[in-house]
Amino acid sequence: MLDVDSGEQINALYKMYRIKGGKKEEKFQTTEIKCAIKFHKWYVARYKEGLYMEILPEKTVYDWKEKKIFKEYV
């Protein structure tokens with residue numbers, strides 16, 4: 001995924017959800033957009049219903065207690 005402000009490439013987590021009866025049911029997650037689109041095409045052809053895609057960018061977080069840097073999807 002390309003960041004709009006800085007123009008740099010950042011990683012993202014793509015999650016696919018099925019929403020039924022007001023509840024979100026996670027069906028698929030990946031870090032590659034091509035794989036997510038391919039899964040969505042397959043799912044629509046198979047079940048004749050669409051999925052909701054949520055894109056979570058990767059963020060670097062510093063844990064000051066343990067003095068460690070780790071990455072998480074927010």
# chains A, B, ... in the order shown; residues from 1 in each chain; ligands from 1
>>> residues_around(residues="A:Arg18", least_positions_apart="4", cutoff="12 Å", atoms="only C-alpha atoms", output="list in words")
Gly22, Lys23, Lys24, Glu25, Glu26, Lys27, Phe28, His40, Tyr43, Val44, Tyr47, Glu49, Gly50, Leu51, Tyr52, Met53 and Glu54 of chain A
>>> write_last_selection(atoms="all heavy atoms", output="compact mmCIF listing (two decimals), in the first residue's frame")
# COMPACT_ATOMS: atom_id res chain seq x y z
N GLY A 22 -25.93 -8.34 11.58
CA GLY A 22 -25.25 -7.35 12.41
C GLY A 22 -23.96 -7.84 13.03
O GLY A 22 -23.36 -7.15 13.86
N LYS A 23 -23.49 -9.03 12.66
CA LYS A 23 -22.25 -9.58 13.21
C LYS A 23 -21.21 -9.71 12.12
O LYS A 23 -21.53 -10.07 10.99
CB LYS A 23 -22.51 -10.94 13.84
CG LYS A 23 -23.43 -10.89 15.03
CD LYS A 23 -23.58 -12.24 15.65
CE LYS A 23 -24.54 -12.15 16.82
NZ LYS A 23 -24.73 -13.45 17.45
N LYS A 24 -19.95 -9.42 12.46
CA LYS A 24 -18.84 -9.57 11.53
C LYS A 24 -18.20 -10.93 11.75
O LYS A 24 -17.77 -11.25 12.85
CB LYS A 24 -17.78 -8.48 11.75
CG LYS A 24 -18.15 -7.16 11.15
CD LYS A 24 -17.19 -6.02 11.40
CE LYS A 24 -15.76 -6.28 11.56
NZ LYS A 24 -14.94 -5.08 11.70
N GLU A 25 -18.11 -11.71 10.68
CA GLU A 25 -17.48 -13.02 10.74
C GLU A 25 -16.26 -12.98 9.82
O GLU A 25 -16.40 -12.82 8.62
CB GLU A 25 -18.47 -14.09 10.28
CG GLU A 25 -17.93 -15.48 10.30
CD GLU A 25 -18.95 -16.48 9.76
OE1 GLU A 25 -20.15 -16.17 9.74
OE2 GLU A 25 -18.51 -17.56 9.36
N GLU A 26 -15.06 -13.13 10.38
CA GLU A 26 -13.85 -13.05 9.57
C GLU A 26 -13.71 -14.29 8.71
O GLU A 26 -13.80 -15.41 9.19
CB GLU A 26 -12.62 -12.91 10.46
CG GLU A 26 -11.35 -12.70 9.68
CD GLU A 26 -10.15 -12.47 10.55
OE1 GLU A 26 -10.30 -11.93 11.66
OE2 GLU A 26 -9.06 -12.83 10.12
N LYS A 27 -13.49 -14.07 7.41
CA LYS A 27 -13.37 -15.17 6.47
C LYS A 27 -11.94 -15.38 6.00
O LYS A 27 -11.53 -16.51 5.73
CB LYS A 27 -14.25 -14.92 5.23
CG LYS A 27 -15.72 -15.01 5.51
CD LYS A 27 -16.09 -16.42 5.86
CE LYS A 27 -17.56 -16.61 6.01
NZ LYS A 27 -17.91 -17.96 6.34
N PHE A 28 -11.16 -14.30 5.88
CA PHE A 28 -9.84 -14.42 5.27
C PHE A 28 -9.00 -13.21 5.66
O PHE A 28 -9.51 -12.12 5.83
CB PHE A 28 -10.03 -14.45 3.75
CG PHE A 28 -8.78 -14.69 2.95
CD1 PHE A 28 -8.20 -15.92 2.90
CD2 PHE A 28 -8.20 -13.65 2.23
CE1 PHE A 28 -7.05 -16.14 2.15
CE2 PHE A 28 -7.07 -13.85 1.47
CZ PHE A 28 -6.49 -15.11 1.43
N HIS A 40 -11.64 -12.91 -2.98
CA HIS A 40 -12.95 -12.28 -3.08
C HIS A 40 -13.67 -12.71 -4.35
O HIS A 40 -14.87 -13.00 -4.33
CB HIS A 40 -12.83 -10.76 -3.04
CG HIS A 40 -14.14 -10.08 -2.93
ND1 HIS A 40 -14.79 -9.59 -4.04
CD2 HIS A 40 -14.95 -9.83 -1.87
CE1 HIS A 40 -15.94 -9.05 -3.66
NE2 HIS A 40 -16.05 -9.18 -2.35
N TYR A 43 -14.90 -16.24 -3.78
CA TYR A 43 -16.00 -16.28 -2.82
C TYR A 43 -17.31 -15.81 -3.44
O TYR A 43 -18.36 -16.41 -3.23
CB TYR A 43 -15.66 -15.42 -1.59
CG TYR A 43 -16.62 -15.61 -0.44
CD1 TYR A 43 -16.41 -16.60 0.50
CD2 TYR A 43 -17.73 -14.79 -0.30
CE1 TYR A 43 -17.28 -16.78 1.55
CE2 TYR A 43 -18.61 -14.96 0.74
CZ TYR A 43 -18.38 -15.96 1.67
OH TYR A 43 -19.26 -16.14 2.71
N VAL A 44 -17.25 -14.74 -4.23
CA VAL A 44 -18.45 -14.22 -4.89
C VAL A 44 -18.99 -15.23 -5.90
O VAL A 44 -20.20 -15.44 -5.99
CB VAL A 44 -18.16 -12.86 -5.56
CG1 VAL A 44 -19.30 -12.43 -6.46
CG2 VAL A 44 -17.90 -11.80 -4.50
N TYR A 47 -20.44 -18.32 -3.55
CA TYR A 47 -21.56 -18.10 -2.63
C TYR A 47 -22.54 -17.01 -3.07
O TYR A 47 -23.54 -16.77 -2.39
CB TYR A 47 -21.02 -17.76 -1.24
CG TYR A 47 -20.25 -18.91 -0.64
CD1 TYR A 47 -18.87 -18.86 -0.55
CD2 TYR A 47 -20.89 -20.05 -0.18
CE1 TYR A 47 -18.15 -19.90 0.00
CE2 TYR A 47 -20.19 -21.10 0.36
CZ TYR A 47 -18.81 -21.02 0.45
OH TYR A 47 -18.10 -22.07 0.98
N GLU A 49 -22.44 -13.80 -2.85
CA GLU A 49 -22.55 -12.67 -1.93
C GLU A 49 -21.17 -12.04 -1.75
O GLU A 49 -20.15 -12.72 -1.86
CB GLU A 49 -23.11 -13.09 -0.57
CG GLU A 49 -22.25 -14.05 0.21
CD GLU A 49 -22.87 -14.46 1.54
OE1 GLU A 49 -24.05 -14.18 1.77
OE2 GLU A 49 -22.15 -15.06 2.32
N GLY A 50 -21.14 -10.75 -1.51
CA GLY A 50 -19.89 -10.03 -1.38
C GLY A 50 -19.35 -10.04 0.04
O GLY A 50 -20.03 -10.44 0.98
N LEU A 51 -18.12 -9.60 0.18
CA LEU A 51 -17.47 -9.50 1.48
C LEU A 51 -17.02 -8.07 1.72
O LEU A 51 -16.80 -7.30 0.79
CB LEU A 51 -16.24 -10.41 1.53
CG LEU A 51 -16.50 -11.90 1.45
CD1 LEU A 51 -15.17 -12.64 1.36
CD2 LEU A 51 -17.27 -12.38 2.65
N TYR A 52 -16.88 -7.72 2.98
CA TYR A 52 -16.41 -6.41 3.40
C TYR A 52 -14.90 -6.52 3.61
O TYR A 52 -14.43 -7.42 4.31
CB TYR A 52 -17.13 -6.04 4.70
CG TYR A 52 -16.58 -4.84 5.42
CD1 TYR A 52 -16.83 -3.57 4.94
CD2 TYR A 52 -15.84 -4.97 6.57
CE1 TYR A 52 -16.35 -2.46 5.61
CE2 TYR A 52 -15.35 -3.88 7.24
CZ TYR A 52 -15.60 -2.62 6.76
OH TYR A 52 -15.11 -1.53 7.40
N MET A 53 -14.11 -5.63 2.99
CA MET A 53 -12.67 -5.65 3.16
C MET A 53 -12.22 -4.51 4.06
O MET A 53 -12.60 -3.36 3.86
CB MET A 53 -11.93 -5.53 1.84
CG MET A 53 -10.44 -5.70 2.05
SD MET A 53 -9.31 -5.32 0.71
CE MET A 53 -10.02 -5.94 -0.72
N GLU A 54 -11.40 -4.85 5.04
CA GLU A 54 -10.85 -3.87 5.96
C GLU A 54 -9.34 -3.85 5.74
O GLU A 54 -8.71 -4.89 5.70
CB GLU A 54 -11.19 -4.29 7.39
CG GLU A 54 -10.80 -3.32 8.45
CD GLU A 54 -11.30 -3.77 9.81
OE1 GLU A 54 -10.79 -4.78 10.30
OE2 GLU A 54 -12.20 -3.13 10.34
>>> select_by_dssp(residues="stretch 11-69 of chain A", states="strand (DSSP E or B)", output="ChimeraX atom specification")
/A:12-20,23-30,52-63,68-69
>>> residues_around(residues="A:Thr60", least_positions_apart="4", cutoff="7 Å", atoms="only C-alpha atoms", output="count of residues only")
4
>>> closest_residue(among="A:Thr31, A:Ala45, A:Lys67, A:Ala36", to="A:Ile10", atoms="only C-alpha atoms")
A:Thr31
>>> closest_residue(among="A:Tyr14, A:Glu58, A:Trp64, A:Tyr73", to="A:Lys34", atoms="only C-alpha atoms")
A:Tyr14
>>> select_by_dssp(residues="chain A", states="helix (DSSP H, G or I)", output="list in words")
Ile33, Lys34, Cys35, Ala36, Ile37, Lys38, Phe39, His40, Lys41, Trp42, Tyr43, Val44, Ala45, Arg46 and Tyr47 of chain A
>>> write_last_selection(atoms="N, CA, C and O atoms", output="PDB file, in the first residue's frame")
ATOM      1  N   ILE A  33      -2.412  -7.874  -1.570  1.00  0.00           N
ATOM      2  CA  ILE A  33      -3.671  -7.409  -2.150  1.00  0.00           C
ATOM      3  C   ILE A  33      -4.142  -8.321  -3.279  1.00  0.00           C
ATOM      4  O   ILE A  33      -5.339  -8.583  -3.420  1.00  0.00           O
ATOM      5  N   LYS A  34      -3.224  -8.850  -4.071  1.00  0.00           N
ATOM      6  CA  LYS A  34      -3.612  -9.726  -5.171  1.00  0.00           C
ATOM      7  C   LYS A  34      -4.276 -10.996  -4.653  1.00  0.00           C
ATOM      8  O   LYS A  34      -5.253 -11.472  -5.219  1.00  0.00           O
ATOM      9  N   CYS A  35      -3.765 -11.533  -3.585  1.00  0.00           N
ATOM     10  CA  CYS A  35      -4.346 -12.729  -2.978  1.00  0.00           C
ATOM     11  C   CYS A  35      -5.734 -12.424  -2.414  1.00  0.00           C
ATOM     12  O   CYS A  35      -6.653 -13.241  -2.527  1.00  0.00           O
ATOM     13  N   ALA A  36      -5.904 -11.255  -1.816  1.00  0.00           N
ATOM     14  CA  ALA A  36      -7.202 -10.868  -1.259  1.00  0.00           C
ATOM     15  C   ALA A  36      -8.245 -10.704  -2.359  1.00  0.00           C
ATOM     16  O   ALA A  36      -9.388 -11.144  -2.212  1.00  0.00           O
ATOM     17  N   ILE A  37      -7.862 -10.079  -3.473  1.00  0.00           N
ATOM     18  CA  ILE A  37      -8.797  -9.893  -4.585  1.00  0.00           C
ATOM     19  C   ILE A  37      -9.159 -11.233  -5.209  1.00  0.00           C
ATOM     20  O   ILE A  37     -10.318 -11.476  -5.551  1.00  0.00           O
ATOM     21  N   LYS A  38      -8.179 -12.117  -5.333  1.00  0.00           N
ATOM     22  CA  LYS A  38      -8.434 -13.446  -5.892  1.00  0.00           C
ATOM     23  C   LYS A  38      -9.413 -14.233  -5.003  1.00  0.00           C
ATOM     24  O   LYS A  38     -10.328 -14.886  -5.496  1.00  0.00           O
ATOM     25  N   PHE A  39      -9.222 -14.143  -3.679  1.00  0.00           N
ATOM     26  CA  PHE A  39     -10.135 -14.827  -2.765  1.00  0.00           C
ATOM     27  C   PHE A  39     -11.540 -14.244  -2.880  1.00  0.00           C
ATOM     28  O   PHE A  39     -12.531 -14.991  -2.876  1.00  0.00           O
ATOM     29  N   HIS A  40     -11.637 -12.910  -2.982  1.00  0.00           N
ATOM     30  CA  HIS A  40     -12.953 -12.280  -3.084  1.00  0.00           C
ATOM     31  C   HIS A  40     -13.666 -12.707  -4.353  1.00  0.00           C
ATOM     32  O   HIS A  40     -14.868 -13.001  -4.325  1.00  0.00           O
ATOM     33  N   LYS A  41     -12.956 -12.776  -5.471  1.00  0.00           N
ATOM     34  CA  LYS A  41     -13.557 -13.242  -6.726  1.00  0.00           C
ATOM     35  C   LYS A  41     -14.075 -14.673  -6.582  1.00  0.00           C
ATOM     36  O   LYS A  41     -15.174 -14.997  -7.027  1.00  0.00           O
ATOM     37  N   TRP A  42     -13.262 -15.536  -5.965  1.00  0.00           N
ATOM     38  CA  TRP A  42     -13.664 -16.926  -5.767  1.00  0.00           C
ATOM     39  C   TRP A  42     -14.898 -17.011  -4.866  1.00  0.00           C
ATOM     40  O   TRP A  42     -15.841 -17.745  -5.138  1.00  0.00           O
ATOM     41  N   TYR A  43     -14.902 -16.243  -3.776  1.00  0.00           N
ATOM     42  CA  TYR A  43     -15.999 -16.285  -2.817  1.00  0.00           C
ATOM     43  C   TYR A  43     -17.313 -15.809  -3.442  1.00  0.00           C
ATOM     44  O   TYR A  43     -18.361 -16.415  -3.230  1.00  0.00           O
ATOM     45  N   VAL A  44     -17.248 -14.744  -4.233  1.00  0.00           N
ATOM     46  CA  VAL A  44     -18.449 -14.217  -4.886  1.00  0.00           C
ATOM     47  C   VAL A  44     -18.990 -15.227  -5.901  1.00  0.00           C
ATOM     48  O   VAL A  44     -20.201 -15.443  -5.988  1.00  0.00           O
ATOM     49  N   ALA A  45     -18.108 -15.847  -6.668  1.00  0.00           N
ATOM     50  CA  ALA A  45     -18.547 -16.845  -7.646  1.00  0.00           C
ATOM     51  C   ALA A  45     -19.156 -18.064  -6.956  1.00  0.00           C
ATOM     52  O   ALA A  45     -20.129 -18.644  -7.445  1.00  0.00           O
ATOM     53  N   ARG A  46     -18.620 -18.437  -5.822  1.00  0.00           N
ATOM     54  CA  ARG A  46     -19.091 -19.640  -5.122  1.00  0.00           C
ATOM     55  C   ARG A  46     -20.385 -19.402  -4.343  1.00  0.00           C
ATOM     56  O   ARG A  46     -21.311 -20.195  -4.399  1.00  0.00           O
ATOM     57  N   TYR A  47     -20.442 -18.321  -3.555  1.00  0.00           N
ATOM     58  CA  TYR A  47     -21.561 -18.098  -2.629  1.00  0.00           C
ATOM     59  C   TYR A  47     -22.540 -17.008  -3.067  1.00  0.00           C
ATOM     60  O   TYR A  47     -23.538 -16.774  -2.386  1.00  0.00           O
TER      61      TYR A  47
END
>>> closest_residue(among="A:Gln29, A:Lys48, A:Tyr62, A:Pro57", to="A:Asn11", atoms="only C-alpha atoms")
A:Pro57
>>> atom_distance(atom1="atom CA of A:Val74", atom2="atom CA of A:Leu56")
5.5 Å
>>> atom_distance(atom1="atom CA of A:Lys59", atom2="atom CA of A:Lys15")
16.3 Å
>>> decode(residues="stretch 46-73 of chain A", atoms="N, CA, C and O atoms", output="tab-separated table (two decimals), in the first residue's frame")
chain	number	residue	atom	x	y	z
A	46	ARG	N	-18.62	-18.44	-5.82
A	46	ARG	CA	-19.09	-19.64	-5.12
A	46	ARG	C	-20.38	-19.40	-4.34
A	46	ARG	O	-21.31	-20.20	-4.40
A	47	TYR	N	-20.44	-18.32	-3.55
A	47	TYR	CA	-21.56	-18.10	-2.63
A	47	TYR	C	-22.54	-17.01	-3.07
A	47	TYR	O	-23.54	-16.77	-2.39
A	48	LYS	N	-22.25	-16.30	-4.14
A	48	LYS	CA	-23.13	-15.25	-4.68
A	48	LYS	C	-23.43	-14.14	-3.67
A	48	LYS	O	-24.52	-13.61	-3.61
A	49	GLU	N	-22.44	-13.80	-2.85
A	49	GLU	CA	-22.55	-12.67	-1.93
A	49	GLU	C	-21.17	-12.04	-1.75
A	49	GLU	O	-20.15	-12.72	-1.86
A	50	GLY	N	-21.14	-10.75	-1.51
A	50	GLY	CA	-19.89	-10.03	-1.38
A	50	GLY	C	-19.35	-10.04	0.04
A	50	GLY	O	-20.03	-10.44	0.98
A	51	LEU	N	-18.12	-9.60	0.18
A	51	LEU	CA	-17.47	-9.50	1.48
A	51	LEU	C	-17.02	-8.07	1.72
A	51	LEU	O	-16.80	-7.30	0.79
A	52	TYR	N	-16.88	-7.72	2.98
A	52	TYR	CA	-16.41	-6.41	3.40
A	52	TYR	C	-14.90	-6.52	3.61
A	52	TYR	O	-14.43	-7.42	4.31
A	53	MET	N	-14.11	-5.63	2.99
A	53	MET	CA	-12.67	-5.65	3.16
A	53	MET	C	-12.22	-4.51	4.06
A	53	MET	O	-12.60	-3.36	3.86
A	54	GLU	N	-11.40	-4.85	5.04
A	54	GLU	CA	-10.85	-3.87	5.96
A	54	GLU	C	-9.34	-3.85	5.74
A	54	GLU	O	-8.71	-4.89	5.70
A	55	ILE	N	-8.77	-2.66	5.58
A	55	ILE	CA	-7.33	-2.51	5.34
A	55	ILE	C	-6.71	-1.89	6.58
A	55	ILE	O	-7.04	-0.78	6.97
A	56	LEU	N	-5.78	-2.63	7.20
A	56	LEU	CA	-5.11	-2.17	8.41
A	56	LEU	C	-3.64	-1.91	8.11
A	56	LEU	O	-2.89	-2.85	7.82
A	57	PRO	N	-3.17	-0.66	8.15
A	57	PRO	CA	-1.76	-0.37	7.88
A	57	PRO	C	-0.86	-0.83	9.03
A	57	PRO	O	-1.27	-0.89	10.18
A	58	GLU	N	0.39	-1.14	8.68
A	58	GLU	CA	1.36	-1.56	9.68
A	58	GLU	C	1.93	-0.34	10.38
A	58	GLU	O	2.22	0.68	9.75
A	59	LYS	N	2.09	-0.43	11.69
A	59	LYS	CA	2.57	0.70	12.48
A	59	LYS	C	3.70	0.21	13.38
A	59	LYS	O	3.62	-0.87	13.96
A	60	THR	N	4.76	1.00	13.50
A	60	THR	CA	5.87	0.68	14.40
A	60	THR	C	5.55	1.24	15.78
A	60	THR	O	5.24	2.41	15.92
A	61	VAL	N	5.65	0.37	16.78
A	61	VAL	CA	5.30	0.75	18.16
A	61	VAL	C	6.51	0.51	19.06
A	61	VAL	O	7.17	-0.54	18.96
A	62	TYR	N	6.80	1.46	19.93
A	62	TYR	CA	7.89	1.33	20.88
A	62	TYR	C	7.32	1.04	22.27
A	62	TYR	O	6.52	1.81	22.79
A	63	ASP	N	7.72	-0.09	22.84
A	63	ASP	CA	7.30	-0.45	24.20
A	63	ASP	C	8.36	0.06	25.17
A	63	ASP	O	9.46	-0.49	25.26
A	64	TRP	N	8.05	1.14	25.86
A	64	TRP	CA	9.04	1.79	26.71
A	64	TRP	C	9.37	0.99	27.96
A	64	TRP	O	10.44	1.15	28.54
A	65	LYS	N	8.47	0.11	28.41
A	65	LYS	CA	8.75	-0.69	29.60
A	65	LYS	C	9.81	-1.75	29.31
A	65	LYS	O	10.73	-1.95	30.10
A	66	GLU	N	9.66	-2.44	28.18
A	66	GLU	CA	10.61	-3.49	27.82
A	66	GLU	C	11.68	-3.00	26.86
A	66	GLU	O	12.57	-3.75	26.48
A	67	LYS	N	11.59	-1.74	26.44
A	67	LYS	CA	12.54	-1.11	25.53
A	67	LYS	C	12.72	-1.92	24.25
A	67	LYS	O	13.83	-2.23	23.84
A	68	LYS	N	11.56	-2.24	23.62
A	68	LYS	CA	11.56	-3.01	22.39
A	68	LYS	C	10.70	-2.29	21.35
A	68	LYS	O	9.75	-1.61	21.69
A	69	ILE	N	11.06	-2.49	20.11
A	69	ILE	CA	10.28	-1.97	18.99
A	69	ILE	C	9.64	-3.14	18.29
A	69	ILE	O	10.31	-4.13	17.99
A	70	PHE	N	8.33	-3.07	18.04
A	70	PHE	CA	7.65	-4.12	17.30
A	70	PHE	C	6.63	-3.49	16.36
A	70	PHE	O	6.30	-2.33	16.47
A	71	LYS	N	6.19	-4.28	15.40
A	71	LYS	CA	5.24	-3.79	14.41
A	71	LYS	C	3.90	-4.46	14.64
A	71	LYS	O	3.84	-5.64	14.95
A	72	GLU	N	2.84	-3.66	14.49
A	72	GLU	CA	1.49	-4.20	14.63
A	72	GLU	C	0.59	-3.55	13.59
A	72	GLU	O	0.91	-2.50	13.03
A	73	TYR	N	-0.52	-4.19	13.32
A	73	TYR	CA	-1.48	-3.66	12.36
A	73	TYR	C	-2.58	-2.94	13.13
A	73	TYR	O	-3.22	-3.53	13.99
